[in-house]
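Engineer: The file below is work.cif, mmCIF, C-alpha atoms:
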```cif
data_start
#
loop_
_atom_site.label_atom_id
_atom_site.label_comp_id
_atom_site.auth_asym_id
_atom_site.auth_seq_id
_atom_site.Cartn_x
_atom_site.Cartn_y
_atom_site.Cartn_z
CA MET A 1 -22.34 4.89 -4.83
CA ASP A 2 -23.88 2.54 -2.34
CA PHE A 3 -23.63 -1.12 -1.47
CA ARG A 4 -26.73 -2.00 -3.47
CA SER A 5 -24.71 -1.51 -6.64
CA PHE A 6 -22.66 -4.64 -5.90
CA PHE A 7 -22.81 -7.71 -8.15
CA GLY A 8 -24.81 -5.96 -10.86
CA ILE A 9 -28.03 -5.96 -8.83
CA LEU A 10 -28.33 -2.23 -9.46
CA PRO A 11 -26.02 -0.02 -11.49
CA PRO A 12 -23.76 2.40 -9.60
CA ARG A 13 -25.53 5.62 -8.75
CA ILE A 14 -22.41 7.67 -9.45
CA LEU A 15 -20.55 6.95 -12.68
CA TYR A 16 -16.75 6.98 -12.74
CA LYS A 17 -16.81 9.65 -15.44
CA ASP A 18 -18.74 11.94 -13.09
CA LEU A 19 -16.09 11.76 -10.36
CA SER A 20 -13.60 14.61 -10.38
CA SER A 21 -11.46 12.89 -7.76
CA ALA A 22 -11.76 9.48 -6.14
CA VAL A 23 -9.51 10.44 -3.23
CA GLU A 24 -9.64 13.80 -1.51
CA SER A 25 -7.31 15.38 1.04
CA ILE A 26 -8.89 16.04 4.42
CA PRO A 27 -7.39 17.47 7.63
CA LEU A 28 -5.72 14.97 9.93
CA PRO A 29 -7.69 14.04 13.05
CA GLY A 30 -6.27 14.97 16.44
CA LYS A 31 -5.79 11.32 17.36
CA VAL A 32 -5.19 8.21 15.27
CA THR A 33 -5.48 4.59 16.45
CA LEU A 34 -3.30 2.01 14.70
CA LEU A 35 -4.22 -1.68 14.92
CA TRP A 36 -1.73 -4.55 14.59
CA PRO A 37 -3.64 -7.85 14.38
CA GLY A 38 -2.53 -10.64 16.70
CA LYS A 39 0.38 -8.72 18.24
CA ASP A 40 1.14 -7.27 21.68
CA ALA A 41 3.33 -4.48 23.04
CA SER A 42 6.44 -6.70 23.05
CA PHE A 43 6.57 -6.34 19.25
CA LEU A 44 6.87 -2.54 19.45
CA LYS A 45 10.09 -0.55 19.59
CA VAL A 46 8.30 2.64 20.72
CA ARG A 47 6.78 3.46 24.09
CA VAL A 48 4.18 5.88 25.42
CA GLY A 49 5.40 9.46 25.20
CA GLU A 50 7.80 8.91 22.30
CA GLU A 51 7.62 10.95 19.11
CA VAL A 52 6.96 9.11 15.85
CA LYS A 53 7.19 10.19 12.23
CA THR A 54 5.23 9.45 9.09
CA GLY A 55 6.61 6.33 7.42
CA GLN A 56 8.42 5.12 10.54
CA ASN A 57 8.41 1.39 11.20
CA LEU A 58 7.17 0.92 14.76
CA ALA A 59 8.04 -2.79 14.86
CA LYS A 60 10.96 -3.93 17.00
CA GLN A 61 12.18 -6.31 14.29
CA LYS A 62 12.71 -4.66 10.93
CA GLU A 63 11.67 -7.88 9.19
CA MET A 64 8.17 -7.00 10.38
CA ALA A 65 6.34 -3.90 9.22
CA PHE A 66 4.07 -1.72 11.33
CA ILE A 67 4.29 1.57 9.48
CA CYS A 68 3.11 4.78 11.12
CA PRO A 69 0.97 6.89 8.73
CA VAL A 70 1.13 10.10 10.79
CA THR A 71 3.52 12.28 12.78
CA GLY A 72 2.92 12.84 16.47
CA GLN A 73 3.35 11.37 19.94
CA VAL A 74 2.42 7.91 21.21
CA ASP A 75 -0.41 8.58 23.64
CA GLU A 76 -1.48 5.08 24.64
CA ILE A 77 -0.65 1.43 23.95
CA PHE A 78 -3.25 -1.21 24.72
CA THR A 79 -4.92 -4.36 23.37
CA LEU A 80 -8.39 -4.92 21.96
CA PRO A 81 -10.30 -8.20 21.81
CA SER A 82 -10.38 -9.74 18.35
CA ILE A 83 -12.53 -12.48 16.87
CA GLY A 84 -10.41 -15.53 16.13
CA ARG A 85 -7.07 -13.92 17.07
CA GLY A 86 -7.41 -13.34 20.80
CA GLU A 87 -6.24 -9.74 21.02
CA ASP A 88 -4.94 -7.05 18.67
CA LEU A 89 -2.40 -4.39 19.54
CA ALA A 90 -3.70 -0.81 19.45
CA VAL A 91 -1.53 2.32 19.46
CA ASN A 92 -3.06 5.76 19.97
CA ILE A 93 -1.06 8.61 18.45
CA ARG A 94 -1.76 12.28 19.12
CA THR A 95 -1.02 13.87 15.77
CA ASP A 96 0.91 17.06 15.01
CA GLN A 97 -1.52 17.91 12.19
CA LYS A 98 1.39 17.88 9.74
CA ASP A 99 3.82 15.30 8.40
CA SER A 100 7.47 14.94 9.28
CA TYR A 101 8.81 12.03 7.28
CA ASP A 102 11.06 9.31 8.60
CA THR A 103 14.42 9.19 6.81
CA LEU A 104 15.20 5.56 7.56
CA PHE A 105 15.04 4.53 3.91
CA GLU A 106 17.81 5.74 1.66
CA PRO A 107 16.83 6.26 -1.99
CA VAL A 108 17.86 3.42 -4.30
CA GLU A 109 19.24 4.99 -7.46
CA ASP A 110 19.60 1.74 -9.42
CA PHE A 111 17.53 -1.32 -8.49
CA SER A 112 19.66 -3.54 -10.72
CA LYS A 113 22.63 -3.10 -8.38
CA LEU A 114 20.83 -4.89 -5.55
CA LYS A 115 20.24 -8.62 -5.26
CA PRO A 116 16.65 -9.93 -5.36
CA MET A 117 16.79 -10.83 -1.66
CA GLU A 118 17.86 -7.29 -0.79
CA LEU A 119 15.02 -5.81 -2.84
CA ARG A 120 12.51 -8.15 -1.22
CA ALA A 121 13.72 -7.17 2.24
CA LEU A 122 13.34 -3.48 1.37
CA ILE A 123 9.81 -4.07 0.06
CA MET A 124 8.81 -5.86 3.26
CA GLU A 125 10.47 -3.27 5.47
CA ALA A 126 8.52 -0.56 3.67
CA GLY A 127 5.31 -2.23 4.82
CA PHE A 128 4.10 -4.14 1.76
CA ASP A 129 2.29 -7.13 3.23
CA THR A 130 -1.05 -7.19 1.44
CA LEU A 131 -0.52 -10.46 -0.46
CA SER A 132 -0.78 -13.69 1.49
CA SER A 133 1.52 -15.40 -1.04
CA ILE A 134 4.37 -13.04 -0.12
CA SER A 135 6.11 -14.08 3.07
CA SER A 136 8.01 -11.82 5.45
CA VAL A 137 10.96 -14.15 4.81
CA PRO A 138 12.43 -13.04 1.45
CA SER A 139 13.90 -16.45 0.62
CA THR A 140 10.44 -18.07 0.63
CA TRP A 141 8.83 -15.82 -1.99
CA PRO A 142 7.20 -17.86 -4.78
CA HIS A 143 8.75 -17.95 -8.24
CA VAL A 144 7.01 -15.56 -10.63
CA ASP A 145 7.29 -15.90 -14.40
CA CYS A 146 4.78 -13.24 -15.44
CA LEU A 147 4.01 -10.23 -13.27
CA ILE A 148 0.52 -8.72 -13.59
CA ILE A 149 -0.03 -5.17 -12.35
CA SER A 150 -3.65 -4.07 -12.43
CA ALA A 151 -5.08 -0.57 -12.32
CA LEU A 152 -8.62 -1.97 -12.42
CA ASP A 153 -10.95 -1.53 -9.46
CA MET A 154 -12.68 -4.65 -8.22
CA ASP A 155 -15.91 -3.04 -7.04
CA PRO A 156 -17.93 0.08 -7.87
CA ILE A 157 -17.27 1.72 -4.52
CA SER A 158 -13.48 1.73 -4.84
CA CYS A 159 -11.69 4.10 -7.22
CA THR A 160 -8.29 3.86 -5.53
CA ASN A 161 -6.47 2.02 -8.33
CA ARG A 162 -7.72 4.49 -10.91
CA GLN A 163 -6.70 7.37 -8.67
CA ALA A 164 -3.24 5.87 -8.15
CA LEU A 165 -2.76 5.57 -11.91
CA GLN A 166 -4.01 9.09 -12.48
CA THR A 167 -1.72 10.68 -9.89
CA SER A 168 1.35 8.41 -9.94
CA ALA A 169 1.65 7.03 -13.47
CA GLN A 170 5.17 8.44 -13.72
CA HIS A 171 6.30 5.85 -11.16
CA LEU A 172 5.10 2.87 -13.21
CA PRO A 173 8.44 2.19 -14.97
CA ASP A 174 10.31 2.10 -11.65
CA ALA A 175 7.61 -0.05 -10.04
CA VAL A 176 7.72 -2.56 -12.88
CA GLN A 177 11.51 -2.75 -12.73
CA LEU A 178 11.56 -3.12 -8.93
CA LEU A 179 8.96 -5.89 -8.81
CA SER A 180 10.43 -7.71 -11.81
CA LEU A 181 13.90 -7.79 -10.27
CA ALA A 182 12.55 -8.76 -6.84
CA THR A 183 10.39 -11.62 -8.11
CA GLY A 184 12.51 -12.80 -11.04
CA ALA A 185 9.66 -12.21 -13.50
CA SER A 186 10.74 -12.03 -17.14
CA LYS A 187 7.41 -10.66 -18.38
CA CYS A 188 4.97 -8.08 -17.10
CA ILE A 189 1.42 -7.20 -18.09
CA LEU A 190 -0.12 -3.87 -17.13
CA ALA A 191 -3.91 -4.09 -17.02
CA ILE A 192 -5.19 -0.57 -17.70
CA PRO A 193 -8.82 0.66 -17.95
CA ASP A 194 -9.54 1.42 -21.60
CA ASP A 195 -10.49 5.01 -20.80
CA MET A 196 -7.13 5.67 -19.09
CA MET A 197 -4.70 4.42 -21.70
CA ASP A 198 -3.41 7.97 -22.15
CA GLN A 199 -2.03 7.83 -18.59
CA VAL A 200 0.48 5.07 -19.40
CA PRO A 201 4.07 6.37 -19.70
CA ASP A 202 5.76 5.99 -23.07
CA SER A 203 8.88 4.39 -21.62
CA LEU A 204 8.34 1.02 -19.95
CA PRO A 205 10.93 -1.70 -19.25
CA ASN A 206 11.57 -4.40 -21.83
CA GLY A 207 9.18 -7.32 -21.57
CA CYS A 208 6.34 -5.15 -20.29
CA MET A 209 3.07 -5.26 -22.24
CA VAL A 210 -0.01 -3.09 -21.77
CA ALA A 211 -3.49 -4.63 -21.91
CA SER A 212 -6.47 -2.33 -22.41
CA ILE A 213 -9.39 -3.68 -20.37
CA ALA A 214 -12.98 -2.47 -20.56
CA ASN A 215 -14.42 -1.34 -17.24
CA VAL A 216 -17.01 -3.61 -15.67
CA TYR A 217 -18.61 -0.50 -14.19
CA PRO A 218 -19.38 2.58 -16.31
#
```
Once you've parsed the file, please lay out its structure as structure tokens.
Structural biologist:
Amino acid sequence: MDFRSFFGILPPRILYKDLSSAVESIPLPGKVTLLWPGKDASFLKVRVGEEVKTGQNLAKQKEMAFICPVTGQVDEIFTLPSIGRGEDLAVNIRTDQKDSYDTLFEPVEDFSKLKPMELRALIMEAGFDTLSSISSVPSTWPHVDCLIISALDMDPISCTNRQALQTSAQHLPDAVQLLSLATGASKCILAIPDDMMDQVPDSLPNGCMVASIANVYP
């Protein structure tokens, strides 16, 4: 696909049905640079020369999330100029070419045994900060009556939501329960592409409905 397929100007050159896999595994690079917008080295709890693990939170305060996606050694810490934010923090990591996972997070066997504030704190600590409406302060999260979880892709270049559904559909019941308890939502709607309805697990929490949505892109 290319950018000219945006906004219906031209149809996508590669159809979804022709893709065997939207996400492929590739070897890790020898060095990875992580960017933390608007921050400086004072926010980090790691220093040059220290070993880091995949999934480790590099932020000094656990209420913040700066999750390391690789395993290796911190090679350099510096700042880069940024438009509108002054400077961004950059961390170079020399990778080990394999993952060693951080064991900071203990598995939660039953989400219902934790209070909503505790679940929200765990979600934030795990690095979920993609929604501007969700604050890093758990007590300020907005009230949610109906939770909408979408597996639809918003543009013809991205297939990540479809790939996530295809490879991790077994986690949907737990995800729905976790987010419902954390937000206080009493209802949930799963928006699923009509050609992937067979991926939806049979057992979903009470109050969860599935909506079959036709793809905008073929």
Engineer: Which of these residues is nearest to A:Ser180, using all atoms listed in the file: A:Ile83, A:Val137, A:Val144, A:Ala90?
Structural biologist: A:Val144
Engineer: Any idea what the distance is between atom CA of A:Lys98 and atom CA of A:Glu51?
Structural biologist: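 Taking atom CA of A:Lys98 and atom CA of A:Glu51, their separation equals 13.2 Å.
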Engineer: For A:Glu87, list every protein, DNA or RNA residue within 10 Å, evaluated using only C-alpha atoms, and leave out those in the same chain fewer than 5 positions away; present the list as a list in words.
Structural biologist: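 Final neighbour list, sorted by chain and number: Trp36, Pro37, Gly38, Lys39, Asp40, Phe78, Thr79, Leu80, Pro81 and Ser82 of chain A.
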Engineer: Find the residues near A:Cys146: any atom within 6 Å, counting only C-alpha atoms, skip ones fewer than 2 places away on the same chain, and give them as a list of chain:residue names.
Structural biologist: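 My list of contacting residues is A:Val144, A:Ala185, A:Lys187, A:Cys188.
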Engineer: Identify which of the residues A:Pro142, A:Gly72, A:Pro193, A:Met124 lies closest to A:Cys159, counting only C-alpha atoms when measuring atom-to-atom distances.
Structural biologist: A:Pro193
Engineer: Name the residues that the PyMOL selection byres ((chain A and resi 208) around 10) pulls out of this structure, and write them as a list in words.
Structural biologist: Cys146, Leu147, Ile148, Pro173, Val176, Gln177, Ser180, Ser186, Lys187, Cys188, Ile189, Leu190, Ser203, Leu204, Pro205, Asn206, Gly207, Met209, Val210 and Ala211 of chain A
Engineer: Would you save the residues from that selection as a CSV table (one decimal), keeping the file's coordinate frame, using C-alpha atoms?
Structural biologist:
```csv
chain,number,residue,atom,x,y,z
A,146,CYS,CA,4.8,-13.2,-15.4
A,147,LEU,CA,4.0,-10.2,-13.3
A,148,ILE,CA,0.5,-8.7,-13.6
A,173,PRO,CA,8.4,2.2,-15.0
A,176,VAL,CA,7.7,-2.6,-12.9
A,177,GLN,CA,11.5,-2.8,-12.7
A,180,SER,CA,10.4,-7.7,-11.8
A,186,SER,CA,10.7,-12.0,-17.1
A,187,LYS,CA,7.4,-10.7,-18.4
A,188,CYS,CA,5.0,-8.1,-17.1
A,189,ILE,CA,1.4,-7.2,-18.1
A,190,LEU,CA,-0.1,-3.9,-17.1
A,203,SER,CA,8.9,4.4,-21.6
A,204,LEU,CA,8.3,1.0,-20.0
A,205,PRO,CA,10.9,-1.7,-19.2
A,206,ASN,CA,11.6,-4.4,-21.8
A,207,GLY,CA,9.2,-7.3,-21.6
A,209,MET,CA,3.1,-5.3,-22.2
A,210,VAL,CA,0.0,-3.1,-21.8
A,211,ALA,CA,-3.5,-4.6,-21.9
```
